[in-house]
>>> print(open('run25.txt').read())   # compact mmCIF, C-alpha atoms
# COMPACT_ATOMS: atom_id res chain seq x y z
CA MET A 1 -25.63 113.50 51.47
CA ALA A 2 -27.18 116.84 50.67
CA VAL A 3 -24.57 117.39 48.03
CA ALA A 4 -25.15 113.99 46.54
CA LEU A 5 -28.89 114.57 46.42
CA SER A 6 -28.39 118.00 44.94
CA MET A 7 -26.08 116.66 42.28
CA PHE A 8 -28.44 113.80 41.64
CA ALA A 9 -31.24 116.26 41.09
CA ARG A 10 -29.06 118.39 38.88
CA VAL A 11 -28.17 115.48 36.67
CA ALA A 12 -31.73 114.25 36.61
CA LEU A 13 -32.93 117.63 35.44
CA SER A 14 -30.21 118.18 32.92
CA THR A 15 -30.03 114.72 31.42
CA THR A 16 -32.12 113.97 28.39
CA ASP A 17 -30.64 110.65 27.40
CA GLY A 18 -32.79 108.46 29.54
CA ALA A 19 -31.40 109.08 32.98
CA PHE A 20 -34.39 107.37 34.52
CA ALA A 21 -34.19 104.33 32.32
CA PRO A 22 -35.01 101.11 34.14
CA GLY A 23 -32.01 99.46 35.67
CA ARG A 24 -29.99 102.63 36.22
CA SER A 25 -29.66 103.35 39.90
CA SER A 26 -29.14 106.62 41.67
CA MET A 27 -25.63 105.44 42.53
CA ASP A 28 -24.84 105.32 38.81
CA LEU A 29 -26.11 108.84 38.39
CA THR A 30 -24.18 110.17 41.36
CA ALA A 31 -21.02 108.50 40.19
CA ARG A 32 -21.53 109.84 36.72
CA SER A 33 -22.23 113.36 37.95
CA ASN A 34 -19.09 113.23 40.04
CA ASP A 35 -17.12 112.08 37.02
CA GLU A 36 -18.56 114.95 35.03
CA LEU A 37 -17.71 117.38 37.77
CA LEU A 38 -14.11 116.19 37.91
CA LYS A 39 -13.90 116.30 34.13
CA ALA A 40 -15.17 119.87 34.06
CA VAL A 41 -12.78 120.91 36.79
CA ARG A 42 -9.82 119.35 34.99
CA GLN A 43 -10.80 121.04 31.75
CA ARG A 44 -10.96 124.37 33.55
CA ILE A 45 -7.46 123.90 34.94
CA ASP A 46 -6.11 122.80 31.56
CA ALA A 47 -7.67 125.84 29.93
CA ASP A 48 -5.69 128.16 32.21
CA ALA A 49 -2.54 126.25 32.93
CA THR A 50 -0.61 129.17 34.41
CA GLY A 51 -3.29 131.25 36.06
CA VAL A 52 -4.38 131.45 39.66
CA ILE A 53 -7.55 129.38 39.84
CA ASP A 54 -9.65 129.56 42.97
CA ALA A 55 -12.58 127.49 44.17
CA ALA A 56 -15.10 129.94 42.76
CA ALA A 57 -13.68 129.57 39.26
CA LEU A 58 -13.76 125.80 39.49
CA ALA A 59 -17.31 125.82 40.80
CA GLU A 60 -18.42 128.06 37.96
CA ALA A 61 -16.83 125.74 35.43
CA ALA A 62 -18.55 122.72 36.96
CA HIS A 63 -21.90 124.55 37.28
CA VAL A 64 -22.16 123.83 40.99
CA ARG A 65 -22.03 125.92 44.11
CA GLU A 66 -18.66 126.40 45.73
CA SER A 67 -19.71 124.41 48.78
CA GLU A 68 -20.86 121.57 46.54
CA LEU A 69 -17.57 121.62 44.72
CA ARG A 70 -15.62 121.46 47.96
CA SER A 71 -17.69 118.56 49.25
CA ALA A 72 -17.51 116.64 45.98
CA LEU A 73 -13.77 117.07 45.66
CA ARG A 74 -13.26 116.07 49.27
CA VAL A 75 -15.34 112.92 48.78
CA GLN A 76 -13.85 112.01 45.42
CA THR A 77 -10.21 112.93 45.94
CA GLY A 78 -9.74 113.97 49.55
CA LEU A 79 -8.38 117.29 48.33
CA SER A 80 -9.44 120.89 48.65
CA PRO A 81 -9.99 122.84 45.41
CA ARG A 82 -6.61 124.53 45.74
CA GLN A 83 -4.89 121.22 46.47
CA PHE A 84 -6.68 119.67 43.50
CA VAL A 85 -5.37 122.35 41.16
CA LEU A 86 -1.83 121.78 42.40
CA HIS A 87 -2.22 118.01 42.23
CA HIS A 88 -3.52 118.17 38.66
CA ARG A 89 -0.73 120.46 37.52
CA LEU A 90 1.97 118.33 39.11
CA ASP A 91 0.42 115.30 37.42
CA ALA A 92 0.42 117.15 34.11
CA VAL A 93 4.09 118.01 34.45
CA HIS A 94 4.85 114.42 35.37
CA GLN A 95 3.06 113.13 32.28
CA ALA A 96 4.75 115.69 30.06
CA LEU A 97 8.21 114.81 31.36
CA ARG A 98 7.54 111.09 31.15
CA LEU A 99 6.01 110.98 27.68
CA HIS A 100 7.43 113.96 25.83
CA ASP A 101 10.80 115.57 25.26
CA GLY A 102 10.19 118.72 27.26
CA ASP A 103 12.75 120.01 29.72
CA ILE A 104 11.98 120.69 33.34
CA ILE A 105 12.07 124.48 33.28
CA ASN A 106 9.83 125.02 30.28
CA THR A 107 7.40 122.32 31.35
CA ALA A 108 7.13 123.67 34.87
CA GLN A 109 6.63 127.20 33.57
CA ALA A 110 3.98 126.01 31.15
CA TRP A 111 1.98 124.75 34.13
CA GLY A 112 2.29 127.90 36.20
CA PHE A 113 5.22 127.15 38.45
CA VAL A 114 7.44 130.14 39.11
CA HIS A 115 9.97 128.75 41.57
CA LEU A 116 11.98 125.69 40.57
CA GLN A 117 13.16 124.59 44.01
CA ARG A 118 9.74 124.73 45.59
CA PHE A 119 8.21 123.10 42.53
CA THR A 120 10.77 120.30 42.72
CA ASP A 121 9.97 119.71 46.39
CA ALA A 122 6.24 119.55 45.69
CA TYR A 123 6.80 117.30 42.67
CA ALA A 124 8.98 114.89 44.62
CA SER A 125 6.48 114.84 47.45
CA GLN A 126 3.69 113.83 45.09
CA HIS A 127 5.51 111.51 42.69
CA GLY A 128 8.26 110.08 44.85
CA GLU A 129 10.97 111.18 42.45
CA THR A 130 12.45 114.46 41.28
CA PRO A 131 11.71 115.80 37.77
CA ALA A 132 15.29 114.97 36.79
CA GLU A 133 14.75 111.38 37.88
CA THR A 134 11.59 111.21 35.79
CA ILE A 135 13.51 112.34 32.73
CA ALA A 136 16.33 109.91 33.47
CA ARG A 137 13.81 107.08 33.72
CA ARG A 138 12.21 108.17 30.45
CA THR A 139 15.60 108.17 28.75
CA SER A 140 16.56 104.77 30.06
CA ASP A 141 13.17 103.31 29.15
CA ARG A 142 13.50 104.60 25.61
CA ALA A 143 17.05 103.34 25.27
CA ARG A 144 15.99 99.93 26.47
CA SER A 145 13.04 99.78 24.08
CA THR A 146 15.24 100.97 21.17
CA HIS A 147 18.14 98.61 21.68
CA ASP A 148 16.22 95.68 23.00
CA PRO A 149 12.68 95.88 21.63
CA THR A 150 11.87 92.28 22.58
CA PRO A 151 12.88 90.45 25.69
CA ARG A 152 16.03 88.48 25.01
CA ARG A 153 15.56 84.78 25.12
CA GLU A 154 18.14 83.17 27.30
CA MET A 155 20.15 80.55 25.48
CA ARG A 156 20.65 77.39 27.37
CA ARG A 157 23.32 75.04 26.22
CA THR A 158 24.19 71.86 27.95
CA THR A 159 27.06 69.45 27.99
CA SER A 160 28.20 66.72 30.29
CA CYS A 161 30.34 67.20 33.33
CA PRO A 162 33.94 66.13 32.61
CA SER A 163 34.18 64.84 36.13
CA CYS A 164 31.06 62.73 36.61
CA GLY A 165 29.30 62.86 33.25
CA HIS A 166 26.17 64.45 34.68
CA PRO A 167 24.38 66.85 32.29
CA VAL A 168 25.30 70.44 33.16
CA ALA A 169 24.25 73.83 31.80
CA LEU A 170 26.75 76.12 30.12
CA LEU A 171 26.60 79.56 31.65
CA SER A 172 27.91 82.74 30.08
CA ALA A 173 31.31 83.93 31.21
CA GLY A 174 29.80 87.14 32.52
CA VAL A 175 28.08 85.23 35.21
CA TRP A 176 31.41 83.90 36.29
CA GLY A 177 32.88 87.35 36.39
CA SER A 178 35.40 86.82 33.62
CA ASP A 179 35.75 88.85 30.44
CA ARG A 180 37.16 85.89 28.58
CA ALA A 181 35.21 84.30 25.78
CA ALA A 182 34.58 81.19 27.72
CA SER A 183 31.57 79.33 29.00
CA VAL A 184 31.28 78.13 32.52
CA ILE A 185 29.94 74.93 33.86
CA ALA A 186 28.82 74.14 37.36
CA CYS A 187 27.88 70.54 38.07
CA THR A 188 25.20 70.16 40.68
CA ALA A 189 25.84 66.44 40.99
CA CYS A 190 29.51 66.37 41.91
CA GLY A 191 30.19 70.03 42.61
CA TYR A 192 32.67 70.47 39.76
CA THR A 193 33.09 74.01 38.53
CA GLY A 194 35.23 75.27 35.70
CA SER A 195 35.40 77.24 32.50
CA ALA A 196 35.24 75.74 29.06
CA HIS A 197 36.71 77.40 25.98
CA ARG A 198 34.89 77.15 22.68
CA SER A 199 37.77 75.24 21.18
CA ALA A 200 37.49 72.65 23.85
CA LEU A 201 33.73 72.45 23.36
CA ALA A 202 34.15 72.07 19.64
CA THR A 203 36.09 68.91 20.09
CA GLY A 204 33.59 67.64 22.57
CA GLY A 205 35.83 68.08 25.57
CA LEU A 206 36.08 70.71 28.30
CA GLU A 207 39.29 72.47 29.10
CA HIS A 208 39.65 72.99 32.78
CA THR A 209 41.49 76.29 32.83
CA LYS A 210 39.89 78.12 35.69
CA GLY A 211 37.72 77.08 38.52
CA PHE A 212 37.61 75.15 41.69
CA PRO A 213 37.58 71.43 41.01
CA VAL A 214 36.35 69.32 43.82
CA PRO A 215 39.03 67.12 45.40
CA GLU A 216 39.19 63.61 44.05
CA GLY A 217 37.90 62.06 47.19
CA ASP A 218 34.64 63.97 47.03
CA HIS A 219 33.57 62.68 43.59
CA MET B 1 14.78 136.86 45.18
CA LYS B 2 13.84 138.30 48.55
CA HIS B 3 12.11 137.19 51.70
CA LEU B 4 9.69 139.93 52.61
CA ALA B 5 9.08 139.88 56.35
CA TYR B 6 5.80 141.23 57.59
CA GLY B 7 4.92 140.73 61.23
CA PHE B 8 5.75 137.13 62.07
CA TRP B 9 5.50 135.98 58.46
CA THR B 10 7.77 136.05 55.48
CA VAL B 11 6.77 135.71 51.85
CA LEU B 12 9.03 135.00 48.90
CA VAL B 13 8.97 137.73 46.26
CA SER B 14 11.05 138.81 43.31
CA ASP B 15 13.66 141.53 43.73
CA ASP B 16 11.70 144.21 41.91
CA VAL B 17 8.60 143.52 44.00
CA ALA B 18 10.57 143.75 47.24
CA ASP B 19 12.17 147.02 46.20
CA ALA B 20 8.85 148.54 45.19
CA VAL B 21 7.15 147.51 48.42
CA LEU B 22 9.95 148.89 50.59
CA HIS B 23 9.99 152.21 48.77
CA TYR B 24 6.24 152.59 48.90
CA SER B 25 6.20 151.63 52.56
CA ALA B 26 8.86 154.26 53.30
CA VAL B 27 6.93 156.96 51.44
CA LEU B 28 3.70 156.08 53.22
CA GLY B 29 5.55 156.29 56.52
CA GLN B 30 6.90 159.72 55.66
CA VAL B 31 3.46 161.15 54.93
CA ARG B 32 1.79 159.18 57.75
CA SER B 33 -0.53 157.37 55.42
CA SER B 34 -1.41 153.75 54.74
CA ASP B 35 -2.52 151.57 51.88
CA VAL B 36 -3.52 148.01 51.09
CA VAL B 37 -1.44 146.27 48.47
CA GLY B 38 -1.75 142.87 46.83
CA VAL B 39 1.84 141.66 46.66
CA PRO B 40 2.71 138.99 44.06
CA THR B 41 4.43 136.16 45.92
CA ILE B 42 5.36 132.50 45.51
CA ASP B 43 3.63 129.88 47.63
CA ASP B 44 5.22 126.82 49.20
CA ASN B 45 4.60 124.74 46.07
CA GLY B 46 6.26 127.18 43.70
CA CYS B 47 3.03 128.63 42.32
CA ALA B 48 2.24 132.29 41.91
CA ALA B 49 0.12 133.72 44.71
CA THR B 50 -0.90 137.07 46.09
CA ALA B 51 -0.49 138.33 49.64
CA GLY B 52 -2.59 141.25 50.77
CA VAL B 53 -0.67 143.53 53.12
CA VAL B 54 -1.27 146.85 54.78
CA LEU B 55 1.61 149.28 54.34
CA GLY B 56 2.00 152.50 56.20
CA ALA B 57 3.43 154.41 59.11
CA GLY B 58 4.38 152.21 62.05
CA ILE B 59 4.12 148.98 60.08
CA PRO B 60 7.57 147.39 59.80
CA VAL B 61 8.51 145.61 56.60
CA MET B 62 11.87 143.98 56.00
CA ALA B 63 13.41 142.41 52.93
CA THR B 64 16.23 139.87 53.19
CA GLN B 65 18.14 138.12 50.46
CA ALA B 66 16.84 134.73 49.30
CA SER B 67 18.54 132.28 46.99
CA ASP B 68 18.02 132.95 43.30
CA ASP B 69 15.86 130.67 41.22
CA VAL B 70 15.94 130.00 37.50
CA LEU B 71 12.18 130.46 37.22
CA GLU B 72 12.19 133.84 38.91
CA GLU B 73 9.95 136.32 37.15
CA THR B 74 9.78 140.06 37.34
CA TYR B 75 6.54 141.95 37.87
CA PRO B 76 6.93 145.26 36.03
CA VAL B 77 3.21 145.99 36.12
CA PHE B 78 3.21 145.78 39.91
CA ALA B 79 6.36 147.90 40.17
CA ASP B 80 4.90 150.50 37.83
CA GLU B 81 1.68 150.61 39.84
CA LEU B 82 3.54 151.20 43.09
CA THR B 83 5.70 153.83 41.40
CA ALA B 84 2.53 155.61 40.34
CA ARG B 85 1.16 155.37 43.87
CA ILE B 86 4.39 156.77 45.26
CA ALA B 87 4.15 159.71 42.90
CA SER B 88 0.52 160.26 43.81
CA THR B 89 1.27 160.08 47.52
CA LEU B 90 4.17 162.50 47.31
CA ALA B 91 2.02 164.84 45.25
CA GLY B 92 -0.53 164.95 48.03
CA GLY B 93 -2.95 162.47 46.58
CA SER B 94 -5.23 160.26 48.58
CA ARG B 95 -3.75 159.87 52.05
CA LEU B 96 -5.80 156.84 52.90
CA ARG B 97 -6.59 154.55 50.05
CA GLY B 98 -8.01 151.73 52.12
CA ALA B 99 -9.60 148.78 50.38
CA SER B 100 -10.24 150.78 47.23
CA GLY B 101 -6.54 150.99 46.70
CA THR B 102 -6.11 147.24 46.63
CA MET B 103 -4.25 146.07 43.56
>>> encode(input="run25.txt", output="structure tokens")
Amino acid sequence: MAVALSMFARVALSTTDGAFAPGRSSMDLTARSNDELLKAVRQRIDADATGVIDAAALAEAAHVRESELRSALRVQTGLSPRQFVLHHRLDAVHQALRLHDGDIINTAQAWGFVHLQRFTDAYASQHGETPAETIARRTSDRARSTHDPTPRREMRRTTSCPSCGHPVALLSAGVWGSDRAASVIACTACGYTGSAHRSALATGGLEHTKGFPVPEGDH
Amino acid sequence: MKHLAYGFWTVLVSDDVADAVLHYSAVLGQVRSSDVVGVPTIDDNGCAATAGVVLGAGIPVMATQASDDVLEETYPVFADELTARIASTLAGGSRLRGASGTM
């Protein structure tokens, strides 16, 4: 509470854009001051991506006392200053690997990590995946967006069941598990299943070449 | 890389740092002196860190082999500083540096 009041007072004194305008509550100011504090802290970490940054340096960057910084970070993020620095850097590496073409070693080094195995453990602990898995996901996402930019619309073709005449959907052969250029039908009315070649479809009939026709008595 | 054992704790350091610390510790033991050194280490998250240790006579320090890492760095400035301290100690320089000798 003391920290919140202190920060409230600090913002009230330093703000010249109508901080006390009607309708703006102290909660708004506290939230805003906390946002500003976090922003300043993040900027300080970004400015020295590889250096050892302690709580005093972060407090100086945010223009608060070290105790205020610790309390604010604990309330806002649940982290200590040192944990916050690590968390921010691991997030930065994650973003860099996910969005850009950097490799793991150079990206980790760029954010101050000097031991790959321990970095990987910390990264996996925070993000639930290893850096290599992040890159693999990035690659697969890009490949999917390149080769299939729009969701494929499923084609539905129908015909009538050769056994009972009930309308049935033609399914792709892949669903059936066959590599043949054939469509598959499965009648929900009589239980007939079979494959239909294009030639058979072209003439309006269905060639029963593969499948499990239901015994005559069950039709 | 090396695990540098100090008391009940071990810290992960690069090879050149481990060698420099062992040599300086041996020299301090020979002349019955002590010193405080900030040793560049690697913390549990893979970040650079510094461990402050007292080296001197009667203070055991041990280095054991650790697995290599592709991000391993060398610390020539630290090694050079300890080399200078070794030379100063052997030349009869300050026998007790204390806190003022902290790197």
>>> residues_around(input="run25.txt", residues="B:Ala48", least_positions_apart="3", cutoff="9 Å", atoms="all atoms listed in the file", output="PyMOL selection string")
(chain A and resi 50-52+112-115) or (chain B and resi 40-43+45)
>>> residues_around(input="run25.txt", residues="stretch 124-131 of chain A", least_positions_apart="5", cutoff="9 Å", atoms="only C-alpha atoms", output="ChimeraX atom specification")
/A:87,90-91,93-94,97,104,119,136
>>> closest_residue(input="run25.txt", among="B:Ile86, B:Val61, B:Ala79, B:Ala66", to="chain A", atoms="all atoms listed in the file")
B:Ala66
>>> closest_atom_pairs(input="run25.txt", of="chain B", to="chain A", cutoff="7 Å", atoms="all atoms listed in the file", output="Markdown table")
| residue | atom | partner | partner_atom | distance |
| --- | --- | --- | --- | --- |
| B:Asp44 | CA | A:Arg118 | CA | 6.2 |
| B:Asn45 | CA | A:Arg118 | CA | 5.2 |
| B:Gly46 | CA | A:His115 | CA | 4.6 |
| B:Cys47 | CA | A:Phe113 | CA | 4.7 |
| B:Ala48 | CA | A:Val114 | CA | 6.3 |
| B:Asp69 | CA | A:His115 | CA | 6.2 |
| B:Val70 | CA | A:Leu116 | CA | 6.6 |
| B:Leu71 | CA | A:Val114 | CA | 5.1 |
| B:Glu72 | CA | A:Val114 | CA | 6.0 |
| B:Glu73 | CA | A:Val114 | CA | 7.0 |
>>> residues_around(input="run25.txt", residues="B:Gly29", least_positions_apart="2", cutoff="7 Å", atoms="all atoms listed in the file", output="list in words")
Ser25, Ala26, Val27, Val31, Arg32, Ser33, Gly56, Ala57 and Gly58 of chain B
>>> atom_distance(input="run25.txt", atom1="atom CA of A:His63", atom2="atom CA of A:Arg44")
11.6 Å
>>> residues_around(input="run25.txt", residues="A:Leu37", least_positions_apart="2", cutoff="9 Å", atoms="all atoms listed in the file", output="list in words")
Arg32, Ser33, Asn34, Asp35, Lys39, Ala40, Val41, Arg42, Ala59, Ala61, Ala62, His63, Val64, Leu69, Ala72 and Leu73 of chain A
>>> atom_distance(input="run25.txt", atom1="atom CA of A:Leu58", atom2="atom CA of B:Ala49")
16.8 Å
>>> atom_distance(input="run25.txt", atom1="atom CA of A:Asp48", atom2="atom CA of A:Pro81")
14.9 Å
>>> residues_near_point(input="run25.txt", point="(6.2, 110.6, 27.5)", cutoff="10 Å", atoms="all atoms listed in the file", output="list in words")
His94, Gln95, Ala96, Leu97, Arg98, Leu99, His100, Asp101, Gly102, Thr134, Ile135, Arg138, Thr139 and Arg142 of chain A
>>> closest_residue(input="run25.txt", among="B:Thr50, B:Gly7, B:Phe78, B:Asp68", to="B:Val21", atoms="only C-alpha atoms")
B:Phe78
>>> axis_aligned_box(input="run25.txt", around="stretch 59-64 of chain A", padding_each_side="4 Å", output="lines of an AutoDock Vina configuration file")
center_x = -19.5
center_y = 125.4
center_z = 38.2
size_x = 13.3
size_y = 13.3
size_z = 13.6
>>> decode(input="run25.txt", residues="stretch 39-81 of chain B", atoms="C-alpha atoms", output="PDB file, in the first residue's frame")
ATOM      1  CA  VAL B  39      35.195 -15.162 -10.105  1.00  0.00           C
ATOM      2  CA  PRO B  40      33.207 -15.030 -13.367  1.00  0.00           C
ATOM      3  CA  THR B  41      30.789 -17.958 -13.314  1.00  0.00           C
ATOM      4  CA  ILE B  42      27.624 -19.196 -15.000  1.00  0.00           C
ATOM      5  CA  ASP B  43      24.388 -19.344 -13.041  1.00  0.00           C
ATOM      6  CA  ASP B  44      21.738 -22.057 -13.223  1.00  0.00           C
ATOM      7  CA  ASN B  45      19.957 -20.291 -16.088  1.00  0.00           C
ATOM      8  CA  GLY B  46      23.036 -19.990 -18.275  1.00  0.00           C
ATOM      9  CA  CYS B  47      23.654 -16.312 -17.562  1.00  0.00           C
ATOM     10  CA  ALA B  48      26.951 -14.763 -16.627  1.00  0.00           C
ATOM     11  CA  ALA B  49      27.377 -14.185 -12.902  1.00  0.00           C
ATOM     12  CA  THR B  50      30.113 -13.431 -10.423  1.00  0.00           C
ATOM     13  CA  ALA B  51      31.003 -15.390  -7.301  1.00  0.00           C
ATOM     14  CA  GLY B  52      33.054 -13.691  -4.630  1.00  0.00           C
ATOM     15  CA  VAL B  53      35.485 -16.089  -2.993  1.00  0.00           C
ATOM     16  CA  VAL B  54      38.279 -15.838  -0.483  1.00  0.00           C
ATOM     17  CA  LEU B  55      41.461 -17.554  -1.614  1.00  0.00           C
ATOM     18  CA  GLY B  56      44.418 -18.253   0.567  1.00  0.00           C
ATOM     19  CA  ALA B  57      46.294 -20.607   2.819  1.00  0.00           C
ATOM     20  CA  GLY B  58      44.126 -23.337   4.319  1.00  0.00           C
ATOM     21  CA  ILE B  59      41.214 -22.698   1.976  1.00  0.00           C
ATOM     22  CA  PRO B  60      40.724 -25.716  -0.287  1.00  0.00           C
ATOM     23  CA  VAL B  61      39.675 -25.161  -3.872  1.00  0.00           C
ATOM     24  CA  MET B  62      39.161 -27.954  -6.378  1.00  0.00           C
ATOM     25  CA  ALA B  63      38.463 -27.933 -10.095  1.00  0.00           C
ATOM     26  CA  THR B  64      36.825 -30.888 -11.830  1.00  0.00           C
ATOM     27  CA  GLN B  65      36.026 -31.377 -15.478  1.00  0.00           C
ATOM     28  CA  ALA B  66      32.572 -30.328 -16.683  1.00  0.00           C
ATOM     29  CA  SER B  67      30.997 -30.986 -20.048  1.00  0.00           C
ATOM     30  CA  ASP B  68      31.927 -28.512 -22.753  1.00  0.00           C
ATOM     31  CA  ASP B  69      29.392 -26.052 -24.058  1.00  0.00           C
ATOM     32  CA  VAL B  70      29.209 -24.302 -27.402  1.00  0.00           C
ATOM     33  CA  LEU B  71      28.604 -20.945 -25.745  1.00  0.00           C
ATOM     34  CA  GLU B  72      31.629 -21.205 -23.484  1.00  0.00           C
ATOM     35  CA  GLU B  73      33.551 -17.958 -23.299  1.00  0.00           C
ATOM     36  CA  THR B  74      37.039 -17.218 -22.134  1.00  0.00           C
ATOM     37  CA  TYR B  75      37.849 -14.448 -19.687  1.00  0.00           C
ATOM     38  CA  PRO B  76      41.323 -13.202 -20.612  1.00  0.00           C
ATOM     39  CA  VAL B  77      40.944 -10.008 -18.590  1.00  0.00           C
ATOM     40  CA  PHE B  78      40.299 -12.022 -15.433  1.00  0.00           C
ATOM     41  CA  ALA B  79      43.177 -14.391 -16.181  1.00  0.00           C
ATOM     42  CA  ASP B  80      45.515 -11.479 -16.830  1.00  0.00           C
ATOM     43  CA  GLU B  81      44.460  -9.816 -13.583  1.00  0.00           C
TER      44      GLU B  81
END
